[in-house]
>>> print(open('run_9.txt').read())   # compact mmCIF, N, CA and C atoms
# COMPACT_ATOMS: atom_id res chain seq x y z
N MET A 1 69.58 199.54 181.50
CA MET A 1 68.27 199.50 180.91
C MET A 1 68.41 199.31 179.40
N ALA A 2 67.53 198.52 178.83
CA ALA A 2 67.57 198.24 177.41
C ALA A 2 67.14 199.47 176.61
N SER A 3 67.72 199.59 175.42
CA SER A 3 67.35 200.71 174.56
C SER A 3 65.98 200.47 173.96
N THR A 4 65.47 201.50 173.32
CA THR A 4 64.16 201.43 172.70
C THR A 4 64.07 200.27 171.71
N ALA A 5 65.02 200.20 170.79
CA ALA A 5 65.01 199.15 169.77
C ALA A 5 65.16 197.77 170.39
N GLU A 6 65.95 197.66 171.46
CA GLU A 6 66.15 196.37 172.12
C GLU A 6 64.87 195.86 172.76
N GLN A 7 63.93 196.72 173.06
CA GLN A 7 62.66 196.28 173.63
C GLN A 7 61.56 196.17 172.58
N ILE A 8 61.49 197.13 171.68
CA ILE A 8 60.37 197.17 170.72
C ILE A 8 60.52 196.10 169.65
N ASP A 9 61.68 196.01 169.02
CA ASP A 9 61.84 195.06 167.92
C ASP A 9 61.54 193.62 168.33
N PRO A 10 62.10 193.10 169.43
CA PRO A 10 61.78 191.72 169.79
C PRO A 10 60.31 191.53 170.16
N ALA A 11 59.70 192.52 170.77
CA ALA A 11 58.29 192.39 171.16
C ALA A 11 57.40 192.28 169.93
N VAL A 12 57.58 193.18 168.98
CA VAL A 12 56.74 193.18 167.78
C VAL A 12 57.07 191.99 166.88
N LYS A 13 58.35 191.81 166.58
CA LYS A 13 58.75 190.72 165.68
C LYS A 13 58.42 189.35 166.28
N GLY A 14 58.66 189.19 167.56
CA GLY A 14 58.37 187.91 168.20
C GLY A 14 56.89 187.57 168.16
N THR A 15 56.06 188.56 168.44
CA THR A 15 54.61 188.34 168.41
C THR A 15 54.15 187.98 167.00
N LEU A 16 54.63 188.72 166.02
CA LEU A 16 54.24 188.44 164.63
C LEU A 16 54.77 187.09 164.14
N ASN A 17 55.96 186.69 164.59
CA ASN A 17 56.51 185.39 164.20
C ASN A 17 55.62 184.25 164.70
N VAL A 18 55.13 184.37 165.93
CA VAL A 18 54.24 183.34 166.47
C VAL A 18 52.94 183.29 165.66
N LEU A 19 52.38 184.45 165.38
CA LEU A 19 51.13 184.48 164.62
C LEU A 19 51.31 183.95 163.20
N LYS A 20 52.43 184.29 162.57
CA LYS A 20 52.70 183.77 161.23
C LYS A 20 52.79 182.24 161.25
N SER A 21 53.40 181.70 162.29
CA SER A 21 53.50 180.24 162.42
C SER A 21 52.11 179.62 162.55
N CYS A 22 51.24 180.30 163.25
CA CYS A 22 49.88 179.78 163.46
C CYS A 22 49.08 179.72 162.15
N THR A 23 49.38 180.60 161.21
CA THR A 23 48.66 180.58 159.94
C THR A 23 49.05 179.38 159.09
N LYS A 24 50.15 178.74 159.42
CA LYS A 24 50.63 177.59 158.66
C LYS A 24 50.04 176.26 159.15
N VAL A 25 49.32 176.32 160.26
CA VAL A 25 48.78 175.10 160.86
C VAL A 25 47.26 175.20 160.89
N GLN A 26 46.58 174.33 160.15
CA GLN A 26 45.13 174.43 160.01
C GLN A 26 44.36 174.15 161.29
N PHE A 27 44.90 173.33 162.18
CA PHE A 27 44.12 172.96 163.35
C PHE A 27 44.14 174.02 164.46
N VAL A 28 44.91 175.08 164.31
CA VAL A 28 44.90 176.16 165.30
C VAL A 28 43.64 176.98 165.07
N LYS A 29 42.76 176.98 166.08
CA LYS A 29 41.47 177.68 165.95
C LYS A 29 41.48 179.05 166.61
N ARG A 30 42.30 179.19 167.64
CA ARG A 30 42.35 180.45 168.39
C ARG A 30 43.76 180.62 168.93
N VAL A 31 44.21 181.86 168.96
CA VAL A 31 45.52 182.18 169.53
C VAL A 31 45.30 183.11 170.71
N THR A 32 45.88 182.76 171.83
CA THR A 32 45.80 183.59 173.03
C THR A 32 47.19 184.14 173.33
N ILE A 33 47.27 185.45 173.43
CA ILE A 33 48.54 186.12 173.73
C ILE A 33 48.47 186.68 175.15
N THR A 34 49.48 186.38 175.94
CA THR A 34 49.59 187.03 177.24
C THR A 34 50.32 188.33 177.00
N SER A 35 49.58 189.41 177.09
CA SER A 35 50.13 190.73 176.85
C SER A 35 50.45 191.36 178.20
N SER A 36 49.97 192.56 178.45
CA SER A 36 50.28 193.24 179.70
C SER A 36 49.29 194.37 179.94
N LEU A 37 49.05 194.65 181.19
CA LEU A 37 48.24 195.81 181.56
C LEU A 37 48.89 197.09 181.03
N ALA A 38 50.18 197.03 180.77
CA ALA A 38 50.90 198.18 180.23
C ALA A 38 50.29 198.67 178.92
N THR A 39 49.61 197.78 178.19
CA THR A 39 49.00 198.17 176.92
C THR A 39 47.72 198.96 177.12
N MET A 40 47.28 199.10 178.37
CA MET A 40 46.00 199.77 178.64
C MET A 40 46.11 200.89 179.66
N ALA A 41 47.27 201.12 180.21
CA ALA A 41 47.39 202.03 181.35
C ALA A 41 47.84 203.44 181.00
N PHE A 42 48.23 203.66 179.76
CA PHE A 42 48.82 204.96 179.42
C PHE A 42 48.16 205.57 178.18
N SER A 43 46.85 205.67 178.24
CA SER A 43 46.10 206.21 177.10
C SER A 43 46.09 207.73 177.09
N GLY A 44 46.36 208.33 178.23
CA GLY A 44 46.25 209.78 178.36
C GLY A 44 44.87 210.22 178.80
N LYS A 45 43.93 209.26 178.90
CA LYS A 45 42.58 209.57 179.35
C LYS A 45 42.56 209.67 180.87
N PRO A 46 41.71 210.53 181.43
CA PRO A 46 41.62 210.60 182.89
C PRO A 46 40.96 209.34 183.46
N VAL A 47 41.50 208.84 184.55
CA VAL A 47 40.95 207.66 185.21
C VAL A 47 39.93 208.13 186.24
N THR A 48 38.74 207.56 186.18
CA THR A 48 37.68 207.90 187.12
C THR A 48 37.25 206.64 187.87
N PRO A 49 36.64 206.79 189.05
CA PRO A 49 36.22 205.60 189.81
C PRO A 49 35.24 204.71 189.06
N ASP A 50 34.43 205.26 188.18
CA ASP A 50 33.44 204.46 187.47
C ASP A 50 33.91 204.06 186.07
N GLY A 51 35.19 204.32 185.77
CA GLY A 51 35.72 204.00 184.44
C GLY A 51 35.84 202.50 184.22
N VAL A 52 35.70 202.10 182.99
CA VAL A 52 35.85 200.70 182.59
C VAL A 52 36.99 200.62 181.60
N PHE A 53 37.94 199.74 181.87
CA PHE A 53 39.07 199.56 180.96
C PHE A 53 38.68 198.51 179.93
N ASP A 54 38.64 198.91 178.67
CA ASP A 54 38.33 197.99 177.58
C ASP A 54 39.22 198.33 176.39
N GLU A 55 38.87 197.82 175.22
CA GLU A 55 39.73 198.01 174.05
C GLU A 55 39.90 199.47 173.63
N THR A 56 39.08 200.37 174.15
CA THR A 56 39.24 201.79 173.82
C THR A 56 40.33 202.45 174.68
N TRP A 57 40.88 201.72 175.61
CA TRP A 57 41.87 202.27 176.53
C TRP A 57 43.30 201.91 176.16
N TYR A 58 43.55 201.50 174.94
CA TYR A 58 44.93 201.16 174.59
C TYR A 58 45.86 202.31 174.91
N SER A 59 47.04 201.95 175.38
CA SER A 59 48.05 202.97 175.64
C SER A 59 48.36 203.70 174.35
N ASN A 60 48.55 204.98 174.47
CA ASN A 60 48.85 205.82 173.32
C ASN A 60 50.37 205.83 173.14
N PRO A 61 50.87 205.38 171.99
CA PRO A 61 52.33 205.38 171.78
C PRO A 61 52.97 206.74 172.01
N LYS A 62 52.27 207.82 171.68
CA LYS A 62 52.83 209.16 171.90
C LYS A 62 53.01 209.44 173.39
N VAL A 63 52.06 209.00 174.20
CA VAL A 63 52.15 209.18 175.66
C VAL A 63 53.32 208.36 176.19
N CYS A 64 53.44 207.11 175.74
CA CYS A 64 54.53 206.24 176.19
C CYS A 64 55.89 206.83 175.82
N LYS A 65 56.00 207.36 174.60
CA LYS A 65 57.27 207.96 174.16
C LYS A 65 57.59 209.20 174.99
N LYS A 66 56.58 210.03 175.23
CA LYS A 66 56.80 211.25 176.01
C LYS A 66 57.30 210.92 177.41
N LEU A 67 56.74 209.87 178.01
CA LEU A 67 57.13 209.47 179.36
C LEU A 67 58.39 208.58 179.36
N LYS A 68 58.85 208.21 178.18
CA LYS A 68 60.00 207.30 178.01
C LYS A 68 59.74 205.95 178.67
N PHE A 69 58.51 205.47 178.51
CA PHE A 69 58.10 204.17 179.02
C PHE A 69 58.24 203.16 177.88
N TRP A 70 59.47 202.71 177.66
CA TRP A 70 59.76 201.89 176.49
C TRP A 70 59.13 200.51 176.58
N TYR A 71 59.09 199.93 177.76
CA TYR A 71 58.44 198.61 177.90
C TYR A 71 56.96 198.73 177.54
N MET A 72 56.29 199.75 178.05
CA MET A 72 54.87 199.94 177.78
C MET A 72 54.66 200.18 176.28
N LEU A 73 55.56 200.96 175.66
CA LEU A 73 55.47 201.21 174.23
C LEU A 73 55.65 199.90 173.46
N ALA A 74 56.63 199.10 173.84
CA ALA A 74 56.89 197.84 173.15
C ALA A 74 55.68 196.91 173.23
N LYS A 75 55.11 196.77 174.41
CA LYS A 75 53.95 195.90 174.57
C LYS A 75 52.74 196.42 173.79
N THR A 76 52.57 197.74 173.79
CA THR A 76 51.45 198.34 173.06
C THR A 76 51.60 198.11 171.56
N LEU A 77 52.77 198.39 171.03
CA LEU A 77 53.00 198.21 169.59
C LEU A 77 52.90 196.74 169.19
N ALA A 78 53.36 195.83 170.05
CA ALA A 78 53.27 194.40 169.75
C ALA A 78 51.81 193.96 169.72
N GLU A 79 51.02 194.44 170.67
CA GLU A 79 49.62 194.03 170.68
C GLU A 79 48.86 194.65 169.50
N GLU A 80 49.14 195.90 169.18
CA GLU A 80 48.51 196.52 168.01
C GLU A 80 48.84 195.74 166.74
N ALA A 81 50.09 195.34 166.60
CA ALA A 81 50.52 194.57 165.43
C ALA A 81 49.81 193.22 165.40
N ALA A 82 49.65 192.61 166.56
CA ALA A 82 48.97 191.31 166.65
C ALA A 82 47.52 191.43 166.19
N TRP A 83 46.82 192.45 166.67
CA TRP A 83 45.41 192.62 166.28
C TRP A 83 45.29 192.90 164.79
N ARG A 84 46.18 193.70 164.27
CA ARG A 84 46.16 194.03 162.84
C ARG A 84 46.41 192.75 162.01
N PHE A 85 47.42 191.97 162.40
CA PHE A 85 47.75 190.73 161.69
C PHE A 85 46.60 189.74 161.79
N ALA A 86 46.02 189.63 162.97
CA ALA A 86 44.91 188.70 163.17
C ALA A 86 43.73 189.05 162.26
N LYS A 87 43.42 190.32 162.18
CA LYS A 87 42.32 190.75 161.32
C LYS A 87 42.61 190.45 159.85
N GLU A 88 43.82 190.76 159.41
CA GLU A 88 44.20 190.55 158.02
C GLU A 88 44.26 189.08 157.63
N ASN A 89 44.48 188.19 158.62
CA ASN A 89 44.65 186.77 158.36
C ASN A 89 43.56 185.90 158.96
N SER A 90 42.46 186.53 159.36
CA SER A 90 41.29 185.81 159.91
C SER A 90 41.67 184.89 161.07
N ILE A 91 42.48 185.40 161.97
CA ILE A 91 42.86 184.65 163.16
C ILE A 91 41.95 185.07 164.31
N ASN A 92 41.44 184.08 165.02
CA ASN A 92 40.63 184.33 166.22
C ASN A 92 41.62 184.60 167.36
N LEU A 93 41.80 185.87 167.69
CA LEU A 93 42.82 186.28 168.67
C LEU A 93 42.18 186.71 169.97
N VAL A 94 42.80 186.32 171.06
CA VAL A 94 42.41 186.74 172.40
C VAL A 94 43.68 187.24 173.08
N THR A 95 43.59 188.36 173.78
CA THR A 95 44.74 188.80 174.57
C THR A 95 44.34 188.87 176.03
N LEU A 96 45.27 188.48 176.87
CA LEU A 96 45.12 188.61 178.32
C LEU A 96 46.06 189.72 178.75
N ASN A 97 45.60 190.58 179.64
CA ASN A 97 46.39 191.74 180.04
C ASN A 97 46.58 191.78 181.56
N PRO A 98 47.39 190.86 182.09
CA PRO A 98 47.60 190.83 183.54
C PRO A 98 48.46 192.01 184.00
N GLY A 99 48.28 192.37 185.25
CA GLY A 99 49.08 193.43 185.86
C GLY A 99 50.46 192.92 186.25
N TYR A 100 50.54 191.66 186.63
CA TYR A 100 51.81 191.06 187.03
C TYR A 100 51.88 189.64 186.47
N VAL A 101 53.05 189.25 186.04
CA VAL A 101 53.33 187.87 185.70
C VAL A 101 54.58 187.51 186.48
N ILE A 102 54.45 186.54 187.36
CA ILE A 102 55.56 186.21 188.24
C ILE A 102 56.06 184.81 187.91
N GLY A 103 57.35 184.69 187.78
CA GLY A 103 57.95 183.40 187.49
C GLY A 103 59.46 183.55 187.42
N LEU A 104 60.09 182.54 186.89
CA LEU A 104 61.53 182.58 186.76
C LEU A 104 61.94 183.67 185.79
N LEU A 105 63.03 184.34 186.09
CA LEU A 105 63.56 185.35 185.18
C LEU A 105 64.25 184.65 184.02
N LEU A 106 63.97 185.10 182.81
CA LEU A 106 64.57 184.51 181.63
C LEU A 106 65.80 185.28 181.16
N GLN A 107 66.09 186.36 181.84
CA GLN A 107 67.22 187.20 181.47
C GLN A 107 68.04 187.46 182.73
N PRO A 108 69.29 187.88 182.58
CA PRO A 108 70.15 188.10 183.74
C PRO A 108 69.85 189.40 184.49
N THR A 109 68.98 190.24 183.95
CA THR A 109 68.68 191.53 184.58
C THR A 109 67.30 191.49 185.23
N LEU A 110 67.07 192.43 186.10
CA LEU A 110 65.80 192.54 186.80
C LEU A 110 64.75 193.16 185.88
N ASN A 111 63.61 192.48 185.71
CA ASN A 111 62.56 193.07 184.88
C ASN A 111 61.70 194.00 185.73
N GLU A 112 60.79 194.74 185.09
CA GLU A 112 60.04 195.77 185.79
C GLU A 112 59.11 195.20 186.87
N THR A 113 58.49 194.06 186.60
CA THR A 113 57.61 193.45 187.59
C THR A 113 58.39 193.07 188.83
N MET A 114 59.50 192.40 188.64
CA MET A 114 60.30 191.97 189.79
C MET A 114 60.90 193.17 190.53
N GLU A 115 61.20 194.23 189.79
CA GLU A 115 61.71 195.45 190.44
C GLU A 115 60.63 196.05 191.35
N MET A 116 59.37 196.03 190.89
CA MET A 116 58.28 196.54 191.73
C MET A 116 58.14 195.72 193.01
N ILE A 117 58.24 194.40 192.87
CA ILE A 117 58.12 193.52 194.03
C ILE A 117 59.29 193.74 194.98
N LEU A 118 60.50 193.85 194.43
CA LEU A 118 61.68 194.11 195.25
C LEU A 118 61.55 195.44 195.99
N ASN A 119 61.02 196.46 195.33
CA ASN A 119 60.80 197.74 195.99
C ASN A 119 59.82 197.62 197.15
N LEU A 120 58.78 196.82 196.98
CA LEU A 120 57.83 196.60 198.08
C LEU A 120 58.52 195.91 199.26
N VAL A 121 59.32 194.90 198.96
CA VAL A 121 60.05 194.18 200.01
C VAL A 121 61.00 195.11 200.75
N ASN A 122 61.63 196.01 200.01
CA ASN A 122 62.60 196.94 200.59
C ASN A 122 61.97 198.24 201.10
N ASP A 123 60.64 198.28 201.09
CA ASP A 123 59.90 199.45 201.59
C ASP A 123 60.23 200.73 200.80
N ILE A 124 60.38 200.56 199.50
CA ILE A 124 60.64 201.71 198.60
C ILE A 124 59.38 201.94 197.79
N PHE A 125 58.87 203.14 197.88
CA PHE A 125 57.64 203.47 197.16
C PHE A 125 57.91 204.62 196.21
N PRO A 126 58.15 204.30 194.93
CA PRO A 126 58.43 205.37 193.96
C PRO A 126 57.23 206.30 193.80
N GLN A 127 57.54 207.52 193.45
CA GLN A 127 56.48 208.52 193.25
C GLN A 127 55.73 208.20 191.95
N PRO A 128 54.39 208.37 191.96
CA PRO A 128 53.65 208.14 190.71
C PRO A 128 54.06 209.18 189.67
N PHE A 129 53.86 208.84 188.42
CA PHE A 129 54.28 209.73 187.33
C PHE A 129 53.35 210.87 187.18
>>> encode(input="run_9.txt", output="structure tokens")
Amino acid sequence: MASTAEQIDPAVKGTLNVLKSCTKVQFVKRVTITSSLATMAFSGKPVTPDGVFDETWYSNPKVCKKLKFWYMLAKTLAEEAAWRFAKENSINLVTLNPGYVIGLLLQPTLNETMEMILNLVNDIFPQPF
């Protein structure tokens, strides 16, 4: 498993690098970032059947750290940095927060989404946190 810095630094720096590049090109009108549901699932708020997940549900970095959910922390910090940068630089930003993104693996290790799918195939159901 990757260390905290190995997940957080590339997520935040990579997101900001893309946004900085967009500020150099006048014809870019809107930037859409594919983020993750992970940025909204660990706020520490109780989930109710009538609850609505919106921008007030951002994952709380303290909750992510306490649970040692480094991927969720990395995605949350990257998205927070993106929104802050967008506001400071007048960028029209949109984020998409899918629960799963399925495609070719870009790294030699199993990512969390593919691990969940593999667990389903192998009839392994981890206990909820």
>>> residues_around(input="run_9.txt", residues="region 90-103 of chain A", least_positions_apart="6", cutoff="6.5 Å", atoms="all atoms listed in the file", output="list in words")
Lys29, Arg30, Val31, Thr32, Ile33, Thr34, Ser35, Ser36, Leu37, Ala38 and Thr113 of chain A
>>> write_last_selection(input="run_9.txt", atoms="N, CA and C atoms", output="PDB file, keeping the file's coordinate frame")
ATOM      1  N   LYS A  29      42.760 176.980 166.080  1.00  0.00           N
ATOM      2  CA  LYS A  29      41.470 177.680 165.950  1.00  0.00           C
ATOM      3  C   LYS A  29      41.480 179.050 166.610  1.00  0.00           C
ATOM      4  N   ARG A  30      42.300 179.190 167.640  1.00  0.00           N
ATOM      5  CA  ARG A  30      42.350 180.450 168.390  1.00  0.00           C
ATOM      6  C   ARG A  30      43.760 180.620 168.930  1.00  0.00           C
ATOM      7  N   VAL A  31      44.210 181.860 168.960  1.00  0.00           N
ATOM      8  CA  VAL A  31      45.520 182.180 169.530  1.00  0.00           C
ATOM      9  C   VAL A  31      45.300 183.110 170.710  1.00  0.00           C
ATOM     10  N   THR A  32      45.880 182.760 171.830  1.00  0.00           N
ATOM     11  CA  THR A  32      45.800 183.590 173.030  1.00  0.00           C
ATOM     12  C   THR A  32      47.190 184.140 173.330  1.00  0.00           C
ATOM     13  N   ILE A  33      47.270 185.450 173.430  1.00  0.00           N
ATOM     14  CA  ILE A  33      48.540 186.120 173.730  1.00  0.00           C
ATOM     15  C   ILE A  33      48.470 186.680 175.150  1.00  0.00           C
ATOM     16  N   THR A  34      49.480 186.380 175.940  1.00  0.00           N
ATOM     17  CA  THR A  34      49.590 187.030 177.240  1.00  0.00           C
ATOM     18  C   THR A  34      50.320 188.330 177.000  1.00  0.00           C
ATOM     19  N   SER A  35      49.580 189.410 177.090  1.00  0.00           N
ATOM     20  CA  SER A  35      50.130 190.730 176.850  1.00  0.00           C
ATOM     21  C   SER A  35      50.450 191.360 178.200  1.00  0.00           C
ATOM     22  N   SER A  36      49.970 192.560 178.450  1.00  0.00           N
ATOM     23  CA  SER A  36      50.280 193.240 179.700  1.00  0.00           C
ATOM     24  C   SER A  36      49.290 194.370 179.940  1.00  0.00           C
ATOM     25  N   LEU A  37      49.050 194.650 181.190  1.00  0.00           N
ATOM     26  CA  LEU A  37      48.240 195.810 181.560  1.00  0.00           C
ATOM     27  C   LEU A  37      48.890 197.090 181.030  1.00  0.00           C
ATOM     28  N   ALA A  38      50.180 197.030 180.770  1.00  0.00           N
ATOM     29  CA  ALA A  38      50.900 198.180 180.230  1.00  0.00           C
ATOM     30  C   ALA A  38      50.290 198.670 178.920  1.00  0.00           C
ATOM     31  N   THR A 113      58.490 194.060 186.600  1.00  0.00           N
ATOM     32  CA  THR A 113      57.610 193.450 187.590  1.00  0.00           C
ATOM     33  C   THR A 113      58.390 193.070 188.830  1.00  0.00           C
TER      34      THR A 113
END
>>> atom_distance(input="run_9.txt", atom1="atom C of Trp57 (chain A)", atom2="atom N of Lys45 (chain A)")
7.9 Å
>>> atom_distance(input="run_9.txt", atom1="atom C of Lys87 (chain A)", atom2="atom N of Tyr58 (chain A)")
18.7 Å
>>> select_by_dssp(input="run_9.txt", residues="chain A", states="helix (DSSP H, G or I)", output="VMD selection string")
chain A and resid 4 to 23 37 to 39 55 to 57 61 to 67 70 to 88 112 to 121
>>> atom_distance(input="run_9.txt", atom1="atom C of Asp123 (chain A)", atom2="atom N of Pro108 (chain A)")
24.1 Å
>>> closest_residue(input="run_9.txt", among="A:Asn60, A:Asn89, A:Thr48, A:Thr4", to="Thr23 (chain A)", atoms="all atoms listed in the file")
A:Asn89
>>> residues_around(input="run_9.txt", residues="Thr39 (chain A)", least_positions_apart="5", cutoff="8 Å", atoms="only C-alpha atoms", output="PDB file with N, CA and C atoms, in the coordinates of the input")
ATOM      1  N   TYR A  58      43.550 201.500 174.940  1.00  0.00           N
ATOM      2  CA  TYR A  58      44.930 201.160 174.590  1.00  0.00           C
ATOM      3  C   TYR A  58      45.860 202.310 174.910  1.00  0.00           C
ATOM      4  N   SER A  59      47.040 201.950 175.380  1.00  0.00           N
ATOM      5  CA  SER A  59      48.050 202.970 175.640  1.00  0.00           C
ATOM      6  C   SER A  59      48.360 203.700 174.350  1.00  0.00           C
ATOM      7  N   MET A  72      56.290 199.750 178.050  1.00  0.00           N
ATOM      8  CA  MET A  72      54.870 199.940 177.780  1.00  0.00           C
ATOM      9  C   MET A  72      54.660 200.180 176.280  1.00  0.00           C
ATOM     10  N   LEU A  73      55.560 200.960 175.660  1.00  0.00           N
ATOM     11  CA  LEU A  73      55.470 201.210 174.230  1.00  0.00           C
ATOM     12  C   LEU A  73      55.650 199.900 173.460  1.00  0.00           C
ATOM     13  N   LYS A  75      55.110 196.770 174.410  1.00  0.00           N
ATOM     14  CA  LYS A  75      53.950 195.900 174.570  1.00  0.00           C
ATOM     15  C   LYS A  75      52.740 196.420 173.790  1.00  0.00           C
ATOM     16  N   THR A  76      52.570 197.740 173.790  1.00  0.00           N
ATOM     17  CA  THR A  76      51.450 198.340 173.060  1.00  0.00           C
ATOM     18  C   THR A  76      51.600 198.110 171.560  1.00  0.00           C
ATOM     19  N   GLU A  79      51.020 194.440 170.670  1.00  0.00           N
ATOM     20  CA  GLU A  79      49.620 194.030 170.680  1.00  0.00           C
ATOM     21  C   GLU A  79      48.860 194.650 169.500  1.00  0.00           C
ATOM     22  N   ASN A  97      45.600 190.580 179.640  1.00  0.00           N
ATOM     23  CA  ASN A  97      46.390 191.740 180.040  1.00  0.00           C
ATOM     24  C   ASN A  97      46.580 191.780 181.560  1.00  0.00           C
TER      25      ASN A  97
END
>>> closest_residue(input="run_9.txt", among="A:Phe27, A:Ala74, A:Gly44, A:Asn119", to="Gln7 (chain A)", atoms="only C-alpha atoms")
A:Ala74
>>> select_by_dssp(input="run_9.txt", residues="chain A", states="strand (DSSP E or B)", output="list of chain:residue names")
A:Val31, A:Thr32, A:Ile33, A:Thr34, A:Leu93, A:Val94, A:Thr95, A:Leu96
>>> axis_aligned_box(input="run_9.txt", around="region 59-73 of chain A", padding_each_side="6 Å", output="AutoDock Vina command-line options")
--center_x 53.5 --center_y 204.9 --center_z 175.5 --size_x 25.0 --size_y 24.6 --size_z 19.7
>>> closest_residue(input="run_9.txt", among="A:Pro10, A:Cys64, A:Thr15, A:Ala5", to="Glu80 (chain A)", atoms="only C-alpha atoms")
A:Thr15
>>> closest_residue(input="run_9.txt", among="A:Val121, A:Val12, A:Met116, A:Val63", to="Leu77 (chain A)", atoms="all atoms listed in the file")
A:Val12
